[in-house]
file protein08.txt (compact mmCIF, C-alpha atoms)
# COMPACT_ATOMS: atom_id res chain seq x y z
CA MET X 1 0.00 0.00 0.00
CA SER X 2 1.38 3.40 -0.98
CA ALA X 3 1.96 6.12 1.61
CA LEU X 4 -0.78 8.24 0.04
CA ALA X 5 -3.29 5.40 0.18
CA LEU X 6 -2.36 4.67 3.80
CA MET X 7 -2.86 8.32 4.77
CA SER X 8 -6.21 8.40 2.99
CA ARG X 9 -7.33 5.22 4.74
CA THR X 10 -6.24 6.57 8.13
CA ALA X 11 -8.08 9.85 7.53
CA ARG X 12 -11.24 7.93 6.64
CA ARG X 13 -10.99 5.80 9.80
CA ILE X 14 -10.63 8.93 11.93
CA GLU X 15 -13.60 10.48 10.15
CA ASP X 16 -15.76 7.41 10.76
CA ALA X 17 -14.79 7.36 14.46
CA THR X 18 -15.66 11.04 15.04
CA PRO X 19 -18.92 11.53 16.98
CA ALA X 20 -21.53 13.59 15.17
CA HIS X 21 -21.72 16.09 18.05
CA ARG X 22 -17.98 16.85 17.94
CA ASP X 23 -17.32 20.60 17.56
CA ARG X 24 -14.73 20.50 14.81
CA ALA X 25 -14.22 24.25 14.70
CA VAL X 26 -13.20 24.40 18.36
CA ASP X 27 -10.85 21.45 17.91
CA GLY X 28 -9.39 23.14 14.83
CA LEU X 29 -8.77 26.36 16.73
CA ARG X 30 -7.11 24.44 19.55
CA ALA X 31 -4.83 22.60 17.11
CA LEU X 32 -3.90 25.88 15.44
CA ALA X 33 -3.05 27.49 18.76
CA LEU X 34 -1.08 24.41 19.82
CA LEU X 35 1.05 24.38 16.68
CA ALA X 36 1.74 28.09 17.03
CA VAL X 37 3.64 27.41 20.27
CA PRO X 38 6.48 25.27 18.83
CA THR X 39 6.47 27.28 15.61
CA GLY X 40 7.00 30.51 17.54
CA HIS X 41 9.65 29.09 19.84
CA TRP X 42 11.53 27.47 16.97
CA LEU X 43 11.41 30.55 14.73
CA LEU X 44 12.08 33.22 17.33
CA GLY X 45 14.56 31.39 19.55
CA GLY X 46 18.23 30.90 18.79
CA PHE X 47 21.53 30.09 20.46
CA THR X 48 24.89 31.79 20.70
CA LEU X 49 28.05 29.85 21.47
CA SER X 50 30.41 31.11 24.18
CA PRO X 51 34.19 30.49 24.03
CA ASP X 52 33.86 27.56 26.43
CA GLY X 53 31.40 25.85 24.06
CA ALA X 54 28.25 26.58 26.08
CA LEU X 55 24.91 27.51 24.52
CA HIS X 56 23.07 30.68 25.50
CA ASN X 57 19.63 31.94 24.48
CA ALA X 58 19.31 34.57 21.75
CA SER X 59 16.53 35.86 19.52
CA PRO X 60 16.45 37.21 15.96
CA LEU X 61 14.04 39.88 17.20
CA GLY X 62 17.00 41.62 18.83
CA ALA X 63 18.60 42.18 15.41
CA PHE X 64 15.37 42.35 13.37
CA PRO X 65 12.79 44.29 15.38
CA GLY X 66 10.77 44.66 12.19
CA PHE X 67 9.86 40.99 12.52
CA ALA X 68 7.79 41.72 15.65
CA PRO X 69 4.48 41.35 13.71
CA VAL X 70 5.38 37.69 13.25
CA SER X 71 4.97 37.31 17.01
CA TRP X 72 1.47 38.81 16.77
CA VAL X 73 0.43 35.93 14.52
CA LEU X 74 2.21 33.24 16.52
CA GLN X 75 1.05 34.47 19.95
CA MET X 76 -2.17 32.45 20.01
CA LEU X 77 -2.43 31.65 23.71
CA GLY X 78 -5.51 33.85 23.79
CA ILE X 79 -7.17 31.42 21.36
CA PHE X 80 -5.98 28.45 23.41
CA PHE X 81 -7.53 29.84 26.60
CA LEU X 82 -10.69 30.80 24.68
CA VAL X 83 -11.31 27.28 23.37
CA GLY X 84 -10.18 25.88 26.72
CA GLY X 85 -12.95 27.78 28.45
CA TYR X 86 -15.46 26.74 25.81
CA ALA X 87 -14.51 23.05 26.03
CA SER X 88 -14.48 23.14 29.84
CA VAL X 89 -18.10 24.32 29.88
CA LEU X 90 -19.18 21.42 27.68
CA SER X 91 -17.24 18.94 29.81
CA TYR X 92 -18.55 20.49 33.03
CA ARG X 93 -22.14 20.05 31.84
CA ARG X 94 -21.55 16.39 30.95
CA ARG X 95 -19.90 15.47 34.27
CA LYS X 96 -21.50 12.50 35.99
CA GLY X 97 -19.79 12.84 39.34
CA SER X 98 -19.09 15.74 41.66
CA THR X 99 -17.40 18.97 40.66
CA ARG X 100 -14.40 17.92 42.74
CA ALA X 101 -14.07 14.65 40.82
CA TRP X 102 -14.41 16.48 37.51
CA LEU X 103 -11.66 18.92 38.44
CA GLY X 104 -9.43 16.12 39.71
CA GLY X 105 -9.65 14.29 36.41
CA ARG X 106 -8.86 17.34 34.31
CA LEU X 107 -5.98 18.44 36.53
CA ALA X 108 -4.45 14.94 36.47
CA ARG X 109 -4.46 15.05 32.66
CA LEU X 110 -2.47 18.29 32.82
CA GLY X 111 -0.08 17.21 35.55
CA ARG X 112 1.07 13.80 34.29
CA PRO X 113 2.94 15.05 31.18
CA VAL X 114 4.59 17.88 33.14
CA LEU X 115 5.79 15.46 35.78
CA GLY X 116 7.04 13.16 33.04
CA VAL X 117 9.13 15.69 31.11
CA THR X 118 10.69 17.23 34.22
CA ALA X 119 11.53 13.83 35.72
CA VAL X 120 13.14 12.66 32.48
CA TRP X 121 15.22 15.82 32.22
CA ALA X 122 16.29 15.49 35.86
CA ALA X 123 17.64 12.04 35.04
CA LEU X 124 19.33 13.32 31.87
CA LEU X 125 21.21 16.23 33.46
CA PRO X 126 23.93 14.23 35.24
CA LEU X 127 24.27 11.89 32.27
CA LEU X 128 24.75 14.80 29.86
CA HIS X 129 27.24 16.60 32.09
CA PHE X 130 29.32 13.83 33.62
CA GLY X 131 28.89 11.29 30.84
CA LEU X 132 29.03 13.44 27.72
CA GLY X 133 30.72 16.58 29.00
CA VAL X 134 27.92 19.02 28.20
CA PRO X 135 28.74 22.37 29.89
CA VAL X 136 26.67 23.37 32.91
CA ASP X 137 25.69 26.66 31.22
CA THR X 138 24.28 24.68 28.28
CA LEU X 139 22.25 22.58 30.71
CA ARG X 140 20.93 25.72 32.41
CA THR X 141 19.95 27.15 29.02
CA ALA X 142 18.25 23.88 28.11
CA SER X 143 16.45 23.68 31.46
CA THR X 144 15.16 27.23 31.09
CA LEU X 145 13.76 26.41 27.66
CA VAL X 146 12.11 23.21 28.88
CA VAL X 147 10.49 25.02 31.82
CA GLN X 148 9.43 27.98 29.68
CA PRO X 149 6.26 26.39 28.23
CA LEU X 150 5.36 24.73 31.53
CA TRP X 151 4.37 28.00 33.21
CA PHE X 152 1.44 27.94 30.81
CA VAL X 153 0.32 24.55 32.13
CA GLY X 154 0.47 25.88 35.69
CA VAL X 155 -1.68 28.89 34.86
CA TYR X 156 -4.06 26.76 32.81
CA THR X 157 -4.44 24.45 35.79
CA VAL X 158 -5.47 27.36 38.00
CA VAL X 159 -7.99 28.79 35.55
CA THR X 160 -9.44 25.32 34.99
CA ALA X 161 -9.98 25.03 38.75
CA LEU X 162 -11.95 28.30 38.56
CA THR X 163 -14.35 26.94 35.92
CA PRO X 164 -17.41 26.66 38.24
CA TYR X 165 -17.01 30.33 39.23
CA CYS X 166 -16.49 31.37 35.61
CA VAL X 167 -19.71 29.58 34.67
CA ARG X 168 -21.64 31.48 37.35
CA ALA X 169 -20.16 34.78 36.17
CA ALA X 170 -21.00 33.99 32.54
CA ARG X 171 -24.59 33.14 33.36
CA ARG X 172 -25.00 36.38 35.26
CA LEU X 173 -23.00 38.83 33.15
CA GLY X 174 -22.52 37.14 29.78
CA VAL X 175 -19.61 38.41 27.72
CA TRP X 176 -19.14 41.29 30.16
CA ALA X 177 -17.89 38.87 32.83
CA ALA X 178 -14.42 39.31 31.30
CA ALA X 179 -14.46 43.11 31.60
CA PRO X 180 -13.26 43.31 35.25
CA LEU X 181 -10.25 41.17 34.32
CA LEU X 182 -9.33 43.61 31.56
CA GLY X 183 -9.74 46.50 33.98
CA SER X 184 -7.52 44.82 36.56
CA VAL X 185 -4.67 44.41 34.07
CA ALA X 186 -5.11 48.01 32.89
CA VAL X 187 -4.74 49.31 36.46
CA VAL X 188 -1.58 47.28 37.11
CA ASP X 189 -0.10 48.42 33.78
CA LEU X 190 -0.86 52.05 34.68
CA LEU X 191 0.98 51.61 37.97
CA ARG X 192 4.05 49.85 36.56
CA TYR X 193 4.38 51.95 33.39
CA GLY X 194 2.74 55.23 34.38
CA PRO X 195 4.10 58.40 36.00
CA TYR X 196 4.72 56.69 39.36
CA ALA X 197 6.45 53.62 37.93
CA ASP X 198 9.69 54.30 39.84
CA ALA X 199 7.86 53.99 43.15
CA VAL X 200 6.10 50.74 42.25
CA PRO X 201 7.73 47.45 43.36
CA SER X 202 8.61 45.05 40.54
CA TRP X 203 6.57 42.21 42.04
CA LEU X 204 3.37 44.15 41.36
CA SER X 205 3.47 42.96 37.75
CA LEU X 206 2.76 39.42 38.99
CA LEU X 207 -0.77 40.57 39.79
CA ASN X 208 -1.43 40.43 36.04
CA VAL X 209 -0.69 36.71 35.67
CA LEU X 210 -4.07 35.30 36.69
CA PRO X 211 -6.47 37.96 35.32
CA GLY X 212 -4.33 38.33 32.19
CA TRP X 213 -4.81 34.72 31.12
CA LEU X 214 -8.21 34.21 32.75
CA PHE X 215 -9.60 36.95 30.45
CA ALA X 216 -9.73 34.80 27.31
CA TYR X 217 -10.77 31.71 29.31
CA GLN X 218 -13.74 33.64 30.72
CA LEU X 219 -14.67 34.72 27.20
CA GLY X 220 -14.58 31.05 26.20
CA VAL X 221 -16.82 30.07 29.12
CA SER X 222 -19.30 32.79 28.13
CA TRP X 223 -19.14 31.53 24.55
CA GLY X 224 -19.84 27.98 25.71
CA GLU X 225 -22.82 29.29 27.69
CA GLY X 226 -24.23 30.84 24.52
CA ARG X 227 -23.69 34.39 25.78
CA VAL X 228 -21.39 35.61 22.97
CA THR X 229 -23.29 36.64 19.84
CA ARG X 230 -21.90 37.69 16.47
CA ARG X 231 -22.48 41.30 17.49
CA HIS X 232 -20.36 40.73 20.57
CA ALA X 233 -17.73 39.03 18.42
CA TRP X 234 -17.50 42.03 16.11
CA GLY X 235 -17.17 44.25 19.16
CA LEU X 236 -14.32 42.14 20.51
CA LEU X 237 -12.54 42.11 17.16
CA LEU X 238 -12.80 45.83 16.47
CA SER X 239 -12.27 47.13 20.01
CA GLY X 240 -9.39 44.71 20.59
CA ALA X 241 -7.68 45.78 17.37
CA ALA X 242 -8.21 49.47 18.21
CA LEU X 243 -6.84 49.08 21.74
CA PHE X 244 -3.87 47.14 20.38
CA ALA X 245 -3.04 49.96 17.95
CA VAL X 246 -3.38 52.67 20.61
CA LEU X 247 -1.18 50.85 23.12
CA LEU X 248 1.46 50.23 20.47
CA LEU X 249 1.50 53.61 18.73
CA VAL X 250 0.55 56.02 21.52
CA PHE X 251 1.66 54.42 24.76
CA GLY X 252 4.85 52.81 23.48
CA TYR X 253 4.25 49.19 24.42
CA PRO X 254 6.94 46.80 23.09
CA ALA X 255 6.00 45.56 19.64
CA SER X 256 7.08 41.96 20.26
CA MET X 257 4.61 39.63 21.94
CA VAL X 258 7.48 37.48 23.20
CA GLY X 259 10.42 38.40 25.39
CA VAL X 260 13.54 39.71 23.66
CA PRO X 261 16.86 39.18 25.48
CA GLY X 262 18.20 42.51 26.71
CA GLU X 263 14.86 44.34 26.61
CA ALA X 264 13.64 45.82 29.90
CA ARG X 265 9.94 45.32 29.17
CA THR X 266 8.07 42.26 27.97
CA ASN X 267 4.44 41.78 27.08
CA SER X 268 3.91 38.15 27.95
CA HIS X 269 5.73 37.46 31.23
CA PRO X 270 3.53 38.57 32.90
CA PRO X 271 0.85 39.54 30.35
CA SER X 272 0.41 43.21 29.64
CA LEU X 273 -2.73 44.97 28.42
CA LEU X 274 -1.43 44.52 24.87
CA VAL X 275 -1.76 40.73 25.25
CA LEU X 276 -5.40 41.10 26.30
CA ALA X 277 -6.11 43.44 23.39
CA LEU X 278 -4.72 40.84 20.99
CA ALA X 279 -6.66 38.06 22.74
CA ALA X 280 -9.90 40.06 22.43
CA ALA X 281 -9.36 40.59 18.69
CA GLN X 282 -8.43 36.94 18.17
CA SER X 283 -11.43 35.76 20.17
CA GLY X 284 -13.81 37.88 18.15
CA ALA X 285 -12.34 36.57 14.90
CA ALA X 286 -12.57 32.97 16.16
CA VAL X 287 -16.27 33.29 16.98
CA LEU X 288 -16.99 34.90 13.61
CA LEU X 289 -15.09 32.23 11.66
CA ARG X 290 -16.40 29.25 13.61
CA ASP X 291 -19.00 28.10 11.08
CA ARG X 292 -16.65 28.41 8.12
CA LEU X 293 -13.89 26.56 9.91
CA GLY X 294 -16.28 23.82 10.99
CA ALA X 295 -17.45 23.33 7.40
CA LEU X 296 -13.85 23.22 6.16
CA LEU X 297 -12.95 20.52 8.68
CA ARG X 298 -15.69 18.25 7.35
CA ARG X 299 -13.04 17.14 4.87
CA PRO X 300 -11.37 14.00 6.24
CA ALA X 301 -7.93 15.00 4.95
CA LEU X 302 -8.06 18.21 6.99
CA TRP X 303 -9.80 16.78 10.00
CA ALA X 304 -7.38 13.90 10.60
CA PRO X 305 -4.34 16.13 11.41
CA VAL X 306 -6.49 18.17 13.80
CA VAL X 307 -7.42 15.01 15.70
CA VAL X 308 -3.81 13.82 15.86
CA VAL X 309 -2.57 17.19 17.17
CA ASN X 310 -5.31 17.40 19.80
CA LEU X 311 -4.62 13.87 21.02
CA SER X 312 -0.96 14.85 21.52
CA ALA X 313 -1.57 18.33 22.91
CA MET X 314 0.41 18.03 26.14
CA THR X 315 3.20 16.12 24.42
CA VAL X 316 3.64 18.97 21.94
CA LEU X 317 3.65 21.59 24.71
CA CYS X 318 6.01 19.73 27.02
CA TRP X 319 8.54 18.30 24.55
CA HIS X 320 8.88 20.71 21.60
CA GLN X 321 11.81 22.56 23.18
CA THR X 322 13.51 19.23 23.81
CA ALA X 323 13.22 18.49 20.09
CA MET X 324 15.09 21.70 19.22
CA LEU X 325 17.70 21.03 21.90
CA ALA X 326 18.21 17.50 20.55
CA ALA X 327 19.57 19.12 17.41
CA ALA X 328 21.38 22.11 18.94
CA VAL X 329 23.28 20.49 21.82
CA PRO X 330 25.15 17.93 19.67
CA ALA X 331 25.73 20.56 16.97
CA ALA X 332 27.53 22.79 19.50
CA TYR X 333 30.46 20.35 19.45
CA ALA X 334 31.01 21.28 15.79
CA GLY X 335 31.08 25.02 16.53
CA GLU X 336 28.71 27.43 14.85
CA VAL X 337 26.11 25.85 12.60
CA PRO X 338 24.03 28.23 10.40
CA GLY X 339 20.47 28.59 11.67
CA LEU X 340 21.11 26.39 14.68
CA VAL X 341 24.09 27.55 16.72
CA GLY X 342 25.38 31.08 16.18
CA ALA X 343 24.18 34.65 16.51
CA PRO X 344 20.71 35.05 14.92
CA ASP X 345 21.58 38.39 13.35
CA SER X 346 21.51 37.85 9.58
CA ALA X 347 19.12 37.02 6.79
CA GLY X 348 21.15 33.89 6.20
CA TRP X 349 20.39 32.72 9.73
CA ILE X 350 16.66 33.19 9.12
CA LEU X 351 16.74 31.15 5.91
CA ALA X 352 18.81 28.44 7.58
CA ARG X 353 16.44 28.32 10.57
CA LEU X 354 13.50 27.79 8.21
CA ALA X 355 15.39 24.83 6.77
CA TRP X 356 15.84 23.40 10.28
CA MET X 357 12.12 23.55 11.09
CA PRO X 358 11.26 20.18 9.47
CA VAL X 359 14.15 18.62 11.40
CA PHE X 360 12.75 19.92 14.70
CA ALA X 361 9.29 18.66 13.73
CA GLY X 362 10.66 15.22 12.87
CA LEU X 363 12.52 15.02 16.17
CA LEU X 364 9.34 16.01 18.03
CA VAL X 365 7.41 13.24 16.30
CA LEU X 366 10.14 10.75 17.22
CA ILE X 367 10.26 11.89 20.84
CA GLY X 368 6.48 11.96 21.00
CA ARG X 369 6.24 8.26 20.11
CA TYR X 370 7.73 7.50 23.52
CA ALA X 371 6.74 10.58 25.55
CA ARG X 372 3.04 10.41 24.74
CA ARG X 373 2.65 7.60 27.28
CA PHE X 374 2.90 10.27 29.99
CA GLU X 375 -0.49 11.61 28.87
CA SER X 376 -2.21 8.32 29.72
CA PRO X 377 -3.04 7.27 33.30
CA TRP X 378 0.02 5.83 35.03
CA THR X 379 -1.72 2.55 35.86
CA GLY X 380 1.52 0.58 35.75
CA ALA X 381 3.45 2.88 38.06
CA GLY X 382 3.31 2.07 41.74
CA PRO X 383 3.64 4.56 44.62
CA ALA X 384 7.44 4.22 44.71
CA ARG X 385 7.84 5.11 41.03
CA ARG X 386 5.45 8.03 41.33
CA ALA X 387 7.30 9.32 44.36
CA LEU X 388 10.62 9.02 42.51
CA ALA X 389 9.18 10.94 39.56
CA GLY X 390 8.02 13.67 41.94
CA VAL X 391 11.43 13.96 43.58
CA LEU X 392 13.19 14.10 40.19
CA ALA X 393 10.75 16.72 38.92
CA ALA X 394 11.28 18.87 42.03
CA GLY X 395 15.05 18.60 41.64
CA PHE X 396 14.84 19.67 38.02
CA GLY X 397 12.69 22.64 38.97
CA VAL X 398 15.26 23.76 41.54
CA PHE X 399 18.06 23.52 38.95
CA ALA X 400 16.11 25.19 36.14
CA LEU X 401 14.95 28.11 38.28
CA GLY X 402 18.37 28.57 39.89
CA LEU X 403 17.02 28.22 43.42

call {"tool": "encode", "arguments": {"input": "protein08.txt", "output": "C-alpha cells"}}
result
Amino acid sequence: MSALALMSRTARRIEDATPAHRDRAVDGLRALALLAVPTGHWLLGGFTLSPDGALHNASPLGAFPGFAPVSWVLQMLGIFFLVGGYASVLSYRRRKGSTRAWLGGRLARLGRPVLGVTAVWAALLPLLHFGLGVPVDTLRTASTLVVQPLWFVGVYTVVTALTPYCVRAARRLGVWAAAPLLGSVAVVDLLRYGPYADAVPSWLSLLNVLPGWLFAYQLGVSWGEGRVTRRHAWGLLLSGAALFAVLLLVFGYPASMVGVPGEARTNSHPPSLLVLALAAAQSGAAVLLRDRLGALLRRPALWAPVVVVNLSAMTVLCWHQTAMLAAAVPAAYAGEVPGLVGAPDSAGWILARLAWMPVFAGLLVLIGRYARRFESPWTGAGPARRALAGVLAAGFGVFALGL
C-alpha cells in the first residue's frame, strides 16, 4: 500500500470514528493554537556559542525588530484559553460525578505530562554533564527552555480550577464577565508603566498573571454558555484591534509579543494589556469564523491532522523545546552551525532556521512516540515510582529556576 493510500485510509478511519456532536471548529482552533507554540519558539529562539562551548539563548528579534508582527500571529495563547474555556463548559455540563471529581480528572491530565518531562530531564542532566561533558551553562539554558512552556500549564491548571465560578459569572453577566479582568490588568499596567512607575515594586506585575490569562478563558466560558453573539464578536474584534493599535503607537508598548533578550519590558511574562487586546481581537475573529472553519474541517484529509494534534496536545507543549535542543546540543560540538548555533543576526540565519524547522518537527514526532505515554493514566506505576518521579521533577525545577 502506498503512503498516500495509507494516509487516505487513516483519515477515513478517523472520520468514521468522530462523533456527530464533535465541535470541529473548536478542535481546529485548539490545534492551530497548539502548533503556534512550537512554531513561535523554533522561529524566534536561537543560540549563541560562548568560548567555552556553552549555549546561550538569543533571539532574531534583537537584530530584526521589524519581525515583531510575526509574534502577533504566533502568539495564540488567547485562542488556546478561549477554546479551553469553551470546552471546559461542555465537559462540566456532561460530568457524571461531583465537581471535585471532575476537576481532579482534568488536573491529572495536565499534571502527568509535566511530571514526566521534568523527571526525564532530571535524570538526563547528570548523564549529559558527567557522561558526555555538556557544559553546565548549556544545561541551564536547556532547562530554562524546557520550563518555559510549563508556566502555561500551571496557569491553565489554576484557571481550569476556577471553571465553576467562571460559569456562574458567565450566566449572570454574559460576555461582560471578562471586563473586570481587563480593567484589573489596565490598572496594574498604569501603575508599573505610568508616572509613578519608579515607586512601584517590581513584584506588582505578577498581579497580572491570573487575570491576564483568565480573560480569554472567561470569554470562552461565556461563549460555551451561549452568551457571545456575532455582534459581541465584532465588538471584541474591532475594540481589541483598536486598543492594540493605541497601546502600540501612543503608549509605546513593546512591539514583540514574546520576550527579547536585553529588553527591559516584555508583554507576555507577565501579560500586559497589549496581550489582552490581541486576545480580544483573536477571540472575536474565532467566533466569527467558527462556522466556516467547521465546514472546512468536514473534509477527512483536513480533520485527521487536527485530531492527531489534539490527542498529543500536552506532548507537543512539554517536549517541543527538547526536540530543538536535541539538534542544537550535539551541533555545538562542531562550533557554529548556520540557523542552529550562532548569533541570529543575519538574513542567512533566518533562511537556515527555516530549513531546520522540518528537522525539529521530525525530532518532536520521534520523541512523541515514547513521551506520549505520559499523557495516559500511570496505571503501571506504583507509589514508589510516582514518588521518585516527583522527587526528580522537584530537583529539576530547583536547577532550572536557579534556586

call {"tool": "closest_residue", "arguments": {"input": "protein08.txt", "among": "X:Ala177, X:Ala119, X:Leu248, X:Leu311", "to": "X:Ser272", "atoms": "only C-alpha atoms"}}
result
X:Leu248

call {"tool": "residues_near_point", "arguments": {"input": "protein08.txt", "point": "(5.0, 45.7, 41.5)", "cutoff": "12 Å", "atoms": "only C-alpha atoms", "output": "PDB file with C-alpha atoms, in the coordinates of the input"}}
result
ATOM      1  CA  VAL X 187      -4.740  49.310  36.460  1.00  0.00           C
ATOM      2  CA  VAL X 188      -1.580  47.280  37.110  1.00  0.00           C
ATOM      3  CA  ASP X 189      -0.100  48.420  33.780  1.00  0.00           C
ATOM      4  CA  LEU X 190      -0.860  52.050  34.680  1.00  0.00           C
ATOM      5  CA  LEU X 191       0.980  51.610  37.970  1.00  0.00           C
ATOM      6  CA  ARG X 192       4.050  49.850  36.560  1.00  0.00           C
ATOM      7  CA  TYR X 193       4.380  51.950  33.390  1.00  0.00           C
ATOM      8  CA  TYR X 196       4.720  56.690  39.360  1.00  0.00           C
ATOM      9  CA  ALA X 197       6.450  53.620  37.930  1.00  0.00           C
ATOM     10  CA  ASP X 198       9.690  54.300  39.840  1.00  0.00           C
ATOM     11  CA  ALA X 199       7.860  53.990  43.150  1.00  0.00           C
ATOM     12  CA  VAL X 200       6.100  50.740  42.250  1.00  0.00           C
ATOM     13  CA  PRO X 201       7.730  47.450  43.360  1.00  0.00           C
ATOM     14  CA  SER X 202       8.610  45.050  40.540  1.00  0.00           C
ATOM     15  CA  TRP X 203       6.570  42.210  42.040  1.00  0.00           C
ATOM     16  CA  LEU X 204       3.370  44.150  41.360  1.00  0.00           C
ATOM     17  CA  SER X 205       3.470  42.960  37.750  1.00  0.00           C
ATOM     18  CA  LEU X 206       2.760  39.420  38.990  1.00  0.00           C
ATOM     19  CA  LEU X 207      -0.770  40.570  39.790  1.00  0.00           C
ATOM     20  CA  ASN X 208      -1.430  40.430  36.040  1.00  0.00           C
ATOM     21  CA  PRO X 270       3.530  38.570  32.900  1.00  0.00           C
TER      22      PRO X 270
END

call {"tool": "residues_around", "arguments": {"input": "protein08.txt", "residues": "X:Ser91", "least_positions_apart": "3", "cutoff": "12 Å", "atoms": "only C-alpha atoms", "output": "PyMOL selection string"}}
result
chain X and resi 84-88+94-97+99+102-103+105-106+160+163-164+167+221+224-225

call {"tool": "residues_around", "arguments": {"input": "protein08.txt", "residues": "X:Trp303", "least_positions_apart": "6", "cutoff": "12 Å", "atoms": "all atoms listed in the file", "output": "list in words"}}
result
Ser8, Thr10, Ala11, Arg12, Arg13, Ile14, Glu15, Asp16, Ala17, Thr18, Arg22, Asp23, Arg24, Ala25, Val26, Asp27, Gly28, Leu29, Ala31, Leu293, Gly294, Ala295, Leu296, Leu297, Val309 and Asn310 of chain X

call {"tool": "residues_around", "arguments": {"input": "protein08.txt", "residues": "stretch 339-350 of chain X", "least_positions_apart": "4", "cutoff": "6 Å", "atoms": "all atoms listed in the file", "output": "PyMOL selection string"}}
result
chain X and resi 47-48+60+63

call {"tool": "atom_distance", "arguments": {"input": "protein08.txt", "atom1": "atom CA of X:Leu74", "atom2": "atom CA of X:Ala255"}}
result
13.3 Å

call {"tool": "closest_residue", "arguments": {"input": "protein08.txt", "among": "X:Met357, X:Ala313, X:Val159, X:Leu276", "to": "X:Leu237", "atoms": "only C-alpha atoms"}}
result
X:Leu276

call {"tool": "closest_residue", "arguments": {"input": "protein08.txt", "among": "X:Cys166, X:Ala332, X:Val120, X:Met7", "to": "X:Gly133", "atoms": "all atoms listed in the file"}}
result
X:Ala332

call {"tool": "atom_distance", "arguments": {"input": "protein08.txt", "atom1": "atom CA of X:Ser143", "atom2": "atom CA of X:Gly395"}}
result
11.5 Å

call {"tool": "closest_residue", "arguments": {"input": "protein08.txt", "among": "X:Ala58, X:Tyr370, X:Leu392, X:Ser222", "to": "X:Leu125", "atoms": "all atoms listed in the file"}}
result
X:Leu392

call {"tool": "atom_distance", "arguments": {"input": "protein08.txt", "atom1": "atom CA of X:Arg172", "atom2": "atom CA of X:Ala280"}}
result
20.2 Å

call {"tool": "closest_residue", "arguments": {"input": "protein08.txt", "among": "X:Ala5, X:Val89, X:Leu49, X:Met76", "to": "X:Tyr333", "atoms": "all atoms listed in the file"}}
result
X:Leu49

call {"tool": "residues_near_point", "arguments": {"input": "protein08.txt", "point": "(1.8, 13.8, 29.7)", "cutoff": "10 Å", "atoms": "only C-alpha atoms", "output": "JSON, numbers by chain"}}
result
{"X": [108, 109, 110, 111, 112, 113, 114, 115, 116, 117, 312, 313, 314, 315, 316, 317, 318, 319, 371, 372, 373, 374, 375, 376, 377, 378]}

call {"tool": "residues_around", "arguments": {"input": "protein08.txt", "residues": "X:Val155", "least_positions_apart": "5", "cutoff": "9 Å", "atoms": "all atoms listed in the file", "output": "list in words"}}
result
Leu150, Thr160, Val209, Leu210, Trp213 and Leu214 of chain X

call {"tool": "closest_residue", "arguments": {"input": "protein08.txt", "among": "X:Val260, X:Gly252, X:Gly220, X:His232", "to": "X:Gly194", "atoms": "only C-alpha atoms"}}
result
X:Gly252

call {"tool": "residues_around", "arguments": {"input": "protein08.txt", "residues": "stretch 359-368 of chain X", "least_positions_apart": "6", "cutoff": "9 Å", "atoms": "only C-alpha atoms", "output": "PyMOL selection string"}}
result
chain X and resi 38+42+312+315-316+319-327

call {"tool": "axis_aligned_box", "arguments": {"input": "protein08.txt", "around": "stretch 236-251 of chain X", "padding_each_side": "4 Å", "output": "JSON"}}
result
{"center_x": -6.3, "center_y": 49.1, "center_z": 20.6, "size_x": 24.0, "size_y": 21.9, "size_z": 16.3}

call {"tool": "decode", "arguments": {"input": "protein08.txt", "residues": "stretch 389-397 of chain X", "atoms": "N, CA, C and O atoms", "output": "PDB file, in the first residue's frame"}}
result
ATOM      1  N   ALA X 389       9.414   9.954  40.604  1.00  0.00           N
ATOM      2  CA  ALA X 389       9.177  10.941  39.556  1.00  0.00           C
ATOM      3  C   ALA X 389       8.966  12.327  40.159  1.00  0.00           C
ATOM      4  O   ALA X 389       9.463  13.334  39.637  1.00  0.00           O
ATOM      5  N   GLY X 390       8.240  12.385  41.278  1.00  0.00           N
ATOM      6  CA  GLY X 390       8.018  13.669  41.936  1.00  0.00           C
ATOM      7  C   GLY X 390       9.296  14.284  42.459  1.00  0.00           C
ATOM      8  O   GLY X 390       9.525  15.489  42.323  1.00  0.00           O
ATOM      9  N   VAL X 391      10.152  13.464  43.054  1.00  0.00           N
ATOM     10  CA  VAL X 391      11.428  13.962  43.580  1.00  0.00           C
ATOM     11  C   VAL X 391      12.315  14.461  42.440  1.00  0.00           C
ATOM     12  O   VAL X 391      12.938  15.533  42.527  1.00  0.00           O
ATOM     13  N   LEU X 392      12.386  13.683  41.343  1.00  0.00           N
ATOM     14  CA  LEU X 392      13.188  14.102  40.187  1.00  0.00           C
ATOM     15  C   LEU X 392      12.659  15.409  39.602  1.00  0.00           C
ATOM     16  O   LEU X 392      13.432  16.317  39.254  1.00  0.00           O
ATOM     17  N   ALA X 393      11.347  15.505  39.484  1.00  0.00           N
ATOM     18  CA  ALA X 393      10.755  16.723  38.920  1.00  0.00           C
ATOM     19  C   ALA X 393      11.064  17.936  39.798  1.00  0.00           C
ATOM     20  O   ALA X 393      11.381  19.012  39.295  1.00  0.00           O
ATOM     21  N   ALA X 394      10.975  17.764  41.107  1.00  0.00           N
ATOM     22  CA  ALA X 394      11.279  18.869  42.030  1.00  0.00           C
ATOM     23  C   ALA X 394      12.740  19.278  41.900  1.00  0.00           C
ATOM     24  O   ALA X 394      13.081  20.476  41.878  1.00  0.00           O
ATOM     25  N   GLY X 395      13.643  18.298  41.791  1.00  0.00           N
ATOM     26  CA  GLY X 395      15.054  18.601  41.638  1.00  0.00           C
ATOM     27  C   GLY X 395      15.331  19.357  40.349  1.00  0.00           C
ATOM     28  O   GLY X 395      16.140  20.293  40.323  1.00  0.00           O
ATOM     29  N   PHE X 396      14.662  18.951  39.289  1.00  0.00           N
ATOM     30  CA  PHE X 396      14.837  19.670  38.015  1.00  0.00           C
ATOM     31  C   PHE X 396      14.339  21.097  38.118  1.00  0.00           C
ATOM     32  O   PHE X 396      14.976  22.026  37.617  1.00  0.00           O
ATOM     33  N   GLY X 397      13.215  21.283  38.801  1.00  0.00           N
ATOM     34  CA  GLY X 397      12.693  22.636  38.974  1.00  0.00           C
ATOM     35  C   GLY X 397      13.659  23.531  39.730  1.00  0.00           C
ATOM     36  O   GLY X 397      13.859  24.696  39.375  1.00  0.00           O
TER      37      GLY X 397
END
